[in-house]
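Novice: Got target.txt for you, compact mmCIF, C-alpha atoms:
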```txt
# COMPACT_ATOMS: atom_id res chain seq x y z
CA MET A 18 -89.09 -59.02 -18.73
CA ALA A 19 -86.19 -58.51 -21.11
CA LEU A 20 -86.55 -54.74 -20.51
CA GLY A 21 -86.26 -55.26 -16.73
CA LEU A 22 -83.03 -57.23 -17.09
CA HIS A 23 -81.59 -54.60 -19.37
CA ASP A 24 -82.31 -51.85 -16.84
CA GLY A 25 -80.84 -53.93 -14.02
CA GLY A 26 -77.56 -54.45 -15.93
CA ARG A 27 -77.18 -50.74 -16.50
CA ALA A 28 -77.75 -50.03 -12.80
CA ARG A 29 -75.08 -52.52 -11.79
CA LEU A 30 -72.65 -50.90 -14.25
CA ARG A 31 -73.22 -47.44 -12.75
CA TRP A 32 -72.73 -48.85 -9.26
CA ALA A 33 -69.42 -50.47 -10.31
CA VAL A 34 -68.14 -47.17 -11.80
CA ARG A 35 -69.00 -45.30 -8.62
CA ALA A 36 -67.28 -47.91 -6.48
CA VAL A 37 -64.08 -47.62 -8.54
CA HIS A 38 -64.24 -43.80 -8.31
CA TRP A 39 -64.69 -43.68 -4.54
CA GLY A 40 -62.11 -46.36 -3.99
CA GLY A 41 -59.51 -44.39 -5.92
CA LEU A 42 -60.34 -41.22 -4.00
CA THR A 43 -59.98 -43.08 -0.70
CA LEU A 44 -56.52 -44.36 -1.69
CA ALA A 45 -55.45 -40.86 -2.71
CA LEU A 46 -56.50 -39.42 0.63
CA ALA A 47 -54.66 -42.19 2.42
CA ASP A 48 -51.48 -41.38 0.48
CA CYS A 49 -51.82 -37.69 1.37
CA ARG A 50 -51.95 -38.56 5.06
CA ASN A 51 -48.71 -40.54 4.68
CA VAL A 52 -46.64 -37.76 2.94
CA PRO A 53 -43.24 -37.38 4.69
CA PRO A 54 -42.78 -34.12 6.66
CA ILE A 55 -41.14 -31.14 4.89
CA ALA A 56 -37.44 -30.79 5.76
CA ARG A 57 -36.52 -27.62 7.69
CA THR A 58 -33.23 -25.89 8.24
CA PRO A 59 -31.76 -26.91 11.61
CA ASP A 60 -31.14 -24.25 14.20
CA ASP A 61 -27.69 -22.69 14.30
CA PRO A 62 -25.48 -24.08 17.03
CA PRO A 63 -25.04 -21.77 20.04
CA ALA A 64 -21.48 -20.90 19.01
CA ALA A 65 -22.60 -19.68 15.60
CA ARG A 66 -25.38 -17.57 17.09
CA ALA A 67 -22.88 -16.01 19.46
CA LEU A 68 -20.89 -14.68 16.49
CA VAL A 69 -23.81 -12.51 15.39
CA PRO A 70 -25.53 -11.21 18.54
CA ASP A 71 -28.81 -9.37 18.41
CA ASP A 72 -28.46 -5.61 18.12
CA ASP A 73 -30.07 -4.55 21.38
CA GLY A 74 -28.38 -1.15 21.47
CA SER A 75 -26.20 -2.04 24.44
CA GLU A 76 -22.58 -0.93 24.64
CA PRO A 77 -19.90 -3.50 23.70
CA PRO A 78 -18.00 -5.07 26.58
CA SER A 79 -15.05 -3.07 27.86
CA ASP A 80 -12.56 -5.77 26.87
CA ALA A 81 -13.75 -5.84 23.25
CA THR A 82 -10.89 -5.72 20.74
CA PRO A 83 -10.85 -2.40 18.83
CA PRO A 84 -10.51 -2.36 15.02
CA ALA A 85 -7.02 -3.14 13.81
CA ASN A 86 -6.81 -0.02 11.66
CA GLY A 87 -7.48 2.28 14.60
CA SER A 88 -6.00 0.43 17.54
CA GLU A 89 -2.63 2.18 17.55
CA PRO A 90 -1.94 5.73 16.37
CA GLU A 91 0.69 6.07 13.68
CA PRO A 92 3.92 7.81 14.69
CA PRO A 93 4.02 11.50 13.74
CA THR A 94 5.58 12.32 10.37
CA VAL A 95 8.83 14.29 10.61
CA ASP A 96 8.84 17.42 8.46
CA TYR A 97 12.21 18.42 7.00
CA SER A 98 10.88 21.31 4.91
CA GLY A 99 12.52 23.70 7.38
CA ASP A 100 15.92 22.36 6.31
CA GLN A 101 15.14 23.28 2.71
CA ARG A 102 14.07 26.80 3.67
CA GLU A 103 17.27 27.26 5.65
CA LEU A 104 19.42 26.13 2.72
CA ARG A 105 17.57 28.48 0.36
CA GLU A 106 17.99 31.46 2.68
CA ARG A 107 21.66 30.77 3.27
CA TYR A 108 22.77 29.88 -0.25
CA GLY A 109 20.08 31.42 -2.48
CA LYS A 110 22.33 34.33 -3.45
CA GLN A 111 25.58 32.42 -3.31
CA ARG A 112 27.47 32.51 -6.60
CA SER A 113 28.42 29.20 -8.14
CA LEU A 114 31.83 27.77 -7.25
CA GLY A 115 31.55 25.15 -10.00
CA VAL A 116 28.94 23.66 -12.32
CA LEU A 117 28.01 20.07 -13.09
CA HIS A 118 25.78 19.02 -15.98
CA GLY A 119 24.15 15.65 -16.43
CA GLU A 120 21.30 13.39 -15.42
CA ALA A 121 19.96 12.94 -11.89
CA SER A 122 18.12 9.91 -10.54
CA TYR A 123 16.86 9.21 -7.03
CA TYR A 124 16.67 6.48 -4.41
CA GLY A 125 14.13 6.21 -1.66
CA ALA A 126 12.29 4.07 0.88
CA ALA A 127 14.07 0.81 0.02
CA PHE A 128 17.30 2.30 1.43
CA ALA A 129 15.80 4.07 4.45
CA GLY A 130 17.72 3.38 7.65
CA ARG A 131 20.88 2.23 5.92
CA LYS A 132 24.20 3.93 6.53
CA THR A 133 25.51 6.13 3.73
CA ALA A 134 29.17 6.35 2.73
CA SER A 135 29.56 9.35 5.06
CA GLY A 136 28.29 7.34 8.03
CA GLU A 137 24.95 9.16 8.22
CA VAL A 138 21.74 7.16 8.22
CA PHE A 139 19.81 7.63 4.98
CA GLU A 140 16.47 9.37 5.40
CA PRO A 141 14.45 9.70 2.16
CA LYS A 142 12.62 12.79 3.48
CA LYS A 143 15.83 14.76 3.97
CA TYR A 144 17.35 16.85 1.17
CA THR A 145 20.51 14.93 0.39
CA ALA A 146 22.37 13.58 -2.61
CA ALA A 147 25.04 11.08 -3.63
CA HIS A 148 27.99 12.03 -5.84
CA ARG A 149 31.00 10.00 -6.87
CA THR A 150 33.77 12.36 -5.74
CA LEU A 151 32.50 15.62 -4.16
CA PRO A 152 33.46 15.95 -0.47
CA PHE A 153 30.74 15.13 2.03
CA GLY A 154 28.98 18.25 3.24
CA THR A 155 29.11 19.93 -0.18
CA VAL A 156 25.92 21.90 -0.85
CA LEU A 157 24.51 21.88 -4.38
CA ARG A 158 21.86 24.04 -5.98
CA VAL A 159 20.23 21.56 -8.36
CA THR A 160 18.11 23.01 -11.18
CA ARG A 161 15.97 20.87 -13.45
CA VAL A 162 16.77 21.96 -16.99
CA ASP A 163 13.31 21.75 -18.56
CA THR A 164 11.15 23.16 -15.73
CA LYS A 165 13.70 25.34 -13.87
CA ALA A 166 12.59 23.81 -10.55
CA VAL A 167 15.30 24.18 -7.90
CA VAL A 168 16.29 22.22 -4.81
CA TYR A 169 19.25 22.53 -2.44
CA VAL A 170 20.93 19.32 -1.27
CA LYS A 171 23.90 18.21 0.81
CA VAL A 172 26.19 15.45 -0.43
CA ASN A 173 26.40 12.62 2.11
CA ASP A 174 26.78 9.50 -0.02
CA ARG A 175 28.62 8.01 -3.00
CA GLY A 176 27.04 7.23 -6.36
CA PRO A 177 25.40 6.88 -8.75
CA TYR A 178 27.18 3.99 -10.42
CA GLY A 179 26.61 2.46 -13.82
CA LYS A 180 25.43 5.04 -16.32
CA LYS A 181 28.20 7.42 -17.31
CA GLY A 182 26.04 10.53 -17.84
CA ARG A 183 24.29 10.25 -14.49
CA ILE A 184 25.90 12.61 -11.99
CA LEU A 185 23.61 12.61 -8.93
CA ASP A 186 21.39 10.30 -6.92
CA LEU A 187 18.89 12.46 -5.05
CA SER A 188 16.82 11.63 -2.01
CA THR A 189 13.07 11.16 -2.50
CA ALA A 190 12.34 14.59 -0.98
CA ALA A 191 14.77 16.31 -3.36
CA ALA A 192 13.41 14.43 -6.38
CA ASP A 193 9.88 15.37 -5.37
CA GLN A 194 10.92 19.02 -5.17
CA LEU A 195 12.06 18.76 -8.79
CA GLY A 196 8.86 16.94 -9.83
CA MET A 197 10.72 13.91 -11.18
CA LEU A 198 9.27 11.08 -9.09
CA ARG A 199 7.15 9.73 -11.96
CA ARG A 200 9.89 9.86 -14.59
CA GLY A 201 12.65 8.78 -12.22
CA VAL A 202 15.34 10.79 -13.98
CA ALA A 203 15.82 14.37 -15.16
CA ASP A 204 18.49 16.50 -16.81
CA VAL A 205 19.92 18.90 -14.25
CA ARG A 206 22.46 21.61 -13.64
CA ALA A 207 24.15 21.37 -10.25
CA ASP A 208 25.91 24.47 -8.93
CA ILE A 209 28.35 24.03 -6.07
CA VAL A 210 27.50 26.73 -3.50
CA LEU A 211 29.53 25.28 -0.61
CA ARG A 212 32.44 22.90 -0.82
CA GLY A 213 32.69 20.32 1.90
CA LYS A 214 35.97 19.57 3.61
CA PRO A 215 37.88 16.74 2.00
CA PRO A 216 38.83 13.91 4.35
CA ALA A 217 42.16 14.13 6.06
CA PRO A 218 44.85 12.05 4.35
CA LYS A 219 45.61 8.75 6.01
CA HIS A 220 49.14 8.50 7.37
CA SER A 221 51.16 5.50 6.40
CA LYS A 222 52.33 3.26 9.20
CA HIS A 223 55.83 3.44 7.76
CA SER A 224 56.06 7.23 7.60
CA HIS A 225 58.91 8.79 9.54
CA THR A 226 58.82 11.96 11.61
CA LYS A 227 61.56 14.43 10.88
CA HIS A 228 63.75 15.35 13.77
```
How does this structure look as structure tokens?
Specialist:
Amino acid sequence: MALGLHDGGRARLRWAVRAVHWGGLTLALADCRNVPPIARTPDDPPAARALVPDDDGSEPPSDATPPANGSEPEPPTVDYSGDQRELRERYGKQRSLGVLHGEASYYGAAFAGRKTASGEVFEPKKYTAAHRTLPFGTVLRVTRVDTKAVVYVKVNDRGPYGKKGRILDLSTAAADQLGMLRRGVADVRADIVLRGKPPAPKHSKHSHTKH
């Protein structure tokens, strides 16, 4: 009889353990069924999708805006190299009428379009120069001392000012011909091969005409 009670107690214990186990499993399954849905990325609004259309191989609409870098052709570049060849042919064998020694600098794009002292519009691609006193129209054969590079220029402006030993301000084209764009300055010899006409003297308002 005592043995029967002992076996019955053990059976009830096993039944209680199983009940706890299945109850826990049932709760777990119930929790799984109540898991919130996974968040998803919302669809793009129609306007955003329109910015990136599908590539269906069709031609773009005729009123589509062309790329900015190819919408308008750049104006043709003017070539003044012919002017340099003409000056070389005309004055290449001309003996020097006077010699200047000193340092040359140059001025370029920042002054493009401005009027020079002679009244001409400054064009950096032309072969011109500024000198303090030489008459406008004077032609110079400018030789770089260290490399012997030569360029012919016409004086059409006044300058340079400031440094005493600097005798010429060349255009960008002339400086490029001498290979001095990187350094900015160079020692030169300038031979006068054609003297420009000095300006006519201004008459005084109080001058009297002889009778």
Novice: In the coordinates of the file, take the point (17.4, 32.1, -4.5) and a cut-off of 12 Å; then, counting all atoms listed in the file, name each qualifying protein, DNA or RNA residue as an NGL selection string.
Specialist: :A and (101-113 or 158-160 or 166-169 or 210)
Novice: Rounded to one decimal in Å, what is the spacing between CA of Asp174 in chain A and CA of Phe128 in chain A?
Specialist: 12.0 Å
Novice: Between A:Gly115, A:Gly176, A:Gly196, A:Gly213, which residue has the minimum interatomic distance to Thr133 in chain A, considering all atoms listed in the file?
Specialist: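 With all atoms listed in the file as the atom set, the closest residue is A:Gly176.
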Novice: As an exercise, work out the distance from CA of Ala203 in chain A to CA of Tyr144 in chain A in Å and give it to one decimal place.
Specialist: 16.6 Å
Novice: Between CA of Val202 in chain A and CA of Asp186 in chain A, what is the spacing in Å?
Specialist: 9.3 Å
Novice: Pick out the residues sitting within 12 Å of Asp96 in chain A, and hand them over as a list in words; count all atoms listed in the file, and ignore anything fewer than 6 positions along from it in its own chain.
Specialist: Arg102, Glu140, Pro141, Lys142, Lys143, Tyr144 and Ala190 of chain A
Novice: Considering all atoms listed in the file, can you say which of A:Arg200, A:Glu137, A:Gln194, A:Arg149 comes closest to Gly179 in chain A?
Specialist: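 Closest to Gly179 in chain A of all the choices is A:Arg149.
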Novice: Which of these, A:His148, A:Lys132, A:His118, A:Arg161, has the shortest distance to Met197 in chain A once you count all atoms listed in the file?
Specialist: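 Checking each candidate against Met197 in chain A, we get A:Arg161 as the closest.
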Novice: Which residue out of A:Glu120, A:Pro152, A:Leu198, A:Val205 has the minimum interatomic distance to Ala217 in chain A when all atoms listed in the file are used?
Specialist: A:Pro152
Novice: Between A:Ala121, A:Ala126, A:Leu151, A:Ala134, which residue has the minimum interatomic distance to Ile209 in chain A, considering all atoms listed in the file?
Specialist: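 Of the candidates, the smallest distance to Ile209 in chain A is held by A:Leu151.
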